[in-house]
file entry_36.cif (mmCIF, C-alpha atoms)
data_coords
#
loop_
_atom_site.group_PDB
_atom_site.id
_atom_site.type_symbol
_atom_site.label_atom_id
_atom_site.label_comp_id
_atom_site.auth_asym_id
_atom_site.auth_seq_id
_atom_site.Cartn_x
_atom_site.Cartn_y
_atom_site.Cartn_z
ATOM 1 C CA MET P 1 -11.138 -2.019 80.340
ATOM 2 C CA PRO P 2 -10.479 0.728 77.783
ATOM 3 C CA GLU P 3 -7.163 2.502 78.098
ATOM 4 C CA PRO P 4 -7.260 6.233 78.863
ATOM 5 C CA GLU P 5 -6.127 8.813 76.335
ATOM 6 C CA PRO P 6 -3.149 11.055 77.120
ATOM 7 C CA THR P 7 -4.871 14.284 78.124
ATOM 8 C CA LYS P 8 -5.001 16.489 81.178
ATOM 9 C CA PRO P 9 -8.147 16.390 83.323
ATOM 10 C CA GLU P 10 -9.212 19.883 82.219
ATOM 11 C CA ASP P 11 -8.995 18.804 78.554
ATOM 12 C CA VAL P 12 -11.957 16.456 79.074
ATOM 13 C CA GLY P 13 -13.996 18.714 81.337
ATOM 14 C CA VAL P 14 -12.723 17.419 84.691
ATOM 15 C CA ALA P 15 -11.743 20.258 86.985
ATOM 16 C CA GLU P 16 -8.212 19.688 88.212
ATOM 17 C CA GLU P 17 -8.077 19.531 91.975
ATOM 18 C CA VAL P 18 -5.199 19.780 94.378
ATOM 19 C CA PRO P 19 -5.371 17.350 97.271
ATOM 20 C CA GLU P 20 -5.112 18.497 100.840
ATOM 21 C CA LEU P 21 -1.592 18.718 102.191
ATOM 22 C CA MET P 22 -1.927 15.353 103.955
ATOM 23 C CA GLN P 23 -2.893 13.669 100.651
ATOM 24 C CA ILE P 24 -0.132 15.060 98.439
ATOM 25 C CA GLU P 25 2.294 12.235 99.214
ATOM 26 C CA GLY P 26 -0.401 9.696 98.282
ATOM 27 C CA ALA P 27 -0.926 11.454 94.950
ATOM 28 C CA ARG P 28 2.808 11.443 94.248
ATOM 29 C CA THR P 29 3.105 7.759 95.156
ATOM 30 C CA LEU P 30 0.135 6.764 93.005
ATOM 31 C CA GLY P 31 1.412 8.835 90.080
ATOM 32 C CA ASN P 32 4.838 7.231 90.371
ATOM 33 C CA ASP P 33 3.351 3.733 90.614
ATOM 34 C CA ALA P 34 1.236 4.329 87.476
ATOM 35 C CA ARG P 35 3.846 6.326 85.567
ATOM 36 C CA GLU P 36 5.302 3.507 83.445
ATOM 37 C CA ARG P 37 1.861 2.231 82.455
ATOM 38 C CA LEU P 38 0.518 5.679 81.577
ATOM 39 C CA ARG P 39 3.686 6.697 79.732
ATOM 40 C CA ALA P 40 3.171 3.610 77.542
ATOM 41 C CA ASP P 41 -0.245 5.094 76.667
ATOM 42 C CA GLY P 42 1.373 8.422 75.715
ATOM 43 C CA PHE P 43 0.882 10.434 78.919
ATOM 44 C CA ASP P 44 3.600 12.867 79.945
ATOM 45 C CA ASP P 45 4.666 13.486 83.547
ATOM 46 C CA GLN P 46 2.614 16.677 83.887
ATOM 47 C CA GLN P 47 -0.567 14.887 82.766
ATOM 48 C CA ILE P 48 0.087 11.951 85.109
ATOM 49 C CA ASP P 49 0.656 14.249 88.081
ATOM 50 C CA ALA P 50 -2.492 16.286 87.340
ATOM 51 C CA TRP P 51 -4.625 13.140 87.090
ATOM 52 C CA ALA P 52 -3.099 11.627 90.250
ATOM 53 C CA GLU P 53 -3.723 14.795 92.263
ATOM 54 C CA THR P 54 -7.304 15.049 91.022
ATOM 55 C CA PHE P 55 -7.969 11.339 91.695
ATOM 56 C CA ILE P 56 -6.648 11.531 95.255
ATOM 57 C CA ALA P 57 -8.548 14.772 95.936
ATOM 58 C CA GLU P 58 -11.812 13.207 94.727
ATOM 59 C CA VAL P 59 -11.491 9.521 95.624
ATOM 60 C CA SER P 60 -8.923 9.644 98.451
ATOM 61 C CA SER P 61 -7.048 6.425 97.590
ATOM 62 C CA GLY P 62 -6.912 3.474 95.236
ATOM 63 C CA THR P 63 -4.776 1.091 93.264
ATOM 64 C CA VAL P 64 -3.083 1.770 89.940
ATOM 65 C CA ASP P 65 -5.785 -0.268 88.162
ATOM 66 C CA GLN P 66 -8.539 1.735 89.874
ATOM 67 C CA PHE P 67 -6.739 4.969 89.000
ATOM 68 C CA VAL P 68 -6.341 4.087 85.314
ATOM 69 C CA ALA P 69 -9.963 2.890 85.082
ATOM 70 C CA TRP P 70 -11.109 6.126 86.743
ATOM 71 C CA ILE P 71 -9.201 8.224 84.192
ATOM 72 C CA ALA P 72 -10.830 6.264 81.346
ATOM 73 C CA ARG P 73 -14.297 6.799 82.891
ATOM 74 C CA GLN P 74 -13.676 10.516 83.354
ATOM 75 C CA GLU P 75 -12.597 10.847 79.742
ATOM 76 C CA ARG P 76 -15.809 9.159 78.607
ATOM 77 C CA GLY P 77 -17.858 11.665 80.565
ATOM 78 C CA GLY P 78 -17.917 10.272 84.055
#
call {"tool": "encode", "arguments": {"input": "entry_36.cif", "output": "structure tokens"}}
result
Amino acid sequence: MPEPEPTKPEDVGVAEEVPELMQIEGARTLGNDARERLRADGFDDQQIDAWAETFIAEVSSGTVDQFVAWIARQERGG
């Protein structure tokens, strides 16, 4: 699986989304769980949080591996 590049969703044409209030905790948890891995790839906290919120708003839930793979797919154009 290719590793994602450290960008924000909007930088690759993905509209940033904010999850519904009930999903915000899930986005925070997923972002925190993936933070070390994504920081190793050069992501900063703001980028990680934006991707996690957009992922949860679009997909609803998933694992860190699914999240990272999703970012990589989005960066390649979906």
call {"tool": "closest_residue", "arguments": {"input": "entry_36.cif", "among": "P:Ala57, P:Ala27, P:Ala50, P:Ala34", "to": "Glu10 of chain P", "atoms": "only C-alpha atoms"}}
result
P:Ala50
call {"tool": "residues_around", "arguments": {"input": "entry_36.cif", "residues": "segment 22-25 of chain P", "least_positions_apart": "6", "cutoff": "9 Å", "atoms": "all atoms listed in the file", "output": "tab-separated table (two decimals) with C-alpha atoms, in the coordinates of the input"}}
result
chain	number	residue	atom	x	y	z
P	53	GLU	CA	-3.72	14.80	92.26
P	56	ILE	CA	-6.65	11.53	95.26
P	57	ALA	CA	-8.55	14.77	95.94
P	60	SER	CA	-8.92	9.64	98.45
P	61	SER	CA	-7.05	6.42	97.59
call {"tool": "residues_around", "arguments": {"input": "entry_36.cif", "residues": "Pro6 of chain P", "least_positions_apart": "6", "cutoff": "7 Å", "atoms": "all atoms listed in the file", "output": "list in words"}}
result
Asp41, Gly42 and Phe43 of chain P
call {"tool": "atom_distance", "arguments": {"input": "entry_36.cif", "atom1": "atom CA of Leu21 of chain P", "atom2": "atom CA of Pro4 of chain P"}}
result
27.1 Å
call {"tool": "residues_around", "arguments": {"input": "entry_36.cif", "residues": "Glu75 of chain P", "least_positions_apart": "2", "cutoff": "8 Å", "atoms": "all atoms listed in the file", "output": "VMD selection string"}}
result
chain P and resid 4 to 5 9 12 71 to 73 77 to 78
call {"tool": "atom_distance", "arguments": {"input": "entry_36.cif", "atom1": "atom CA of Glu3 of chain P", "atom2": "atom CA of Val18 of chain P"}}
result
23.8 Å
call {"tool": "atom_distance", "arguments": {"input": "entry_36.cif", "atom1": "atom CA of Asp33 of chain P", "atom2": "atom CA of Glu20 of chain P"}}
result
19.9 Å
call {"tool": "residues_near_point", "arguments": {"input": "entry_36.cif", "point": "(-0.7, 12.4, 81.7)", "cutoff": "8 Å", "atoms": "all atoms listed in the file", "output": "PyMOL selection string"}}
result
chain P and resi 6-8+38-39+42-51
call {"tool": "closest_residue", "arguments": {"input": "entry_36.cif", "among": "P:Asp11, P:Thr54, P:Val59, P:Val68", "to": "Arg37 of chain P", "atoms": "only C-alpha atoms"}}
result
P:Val68
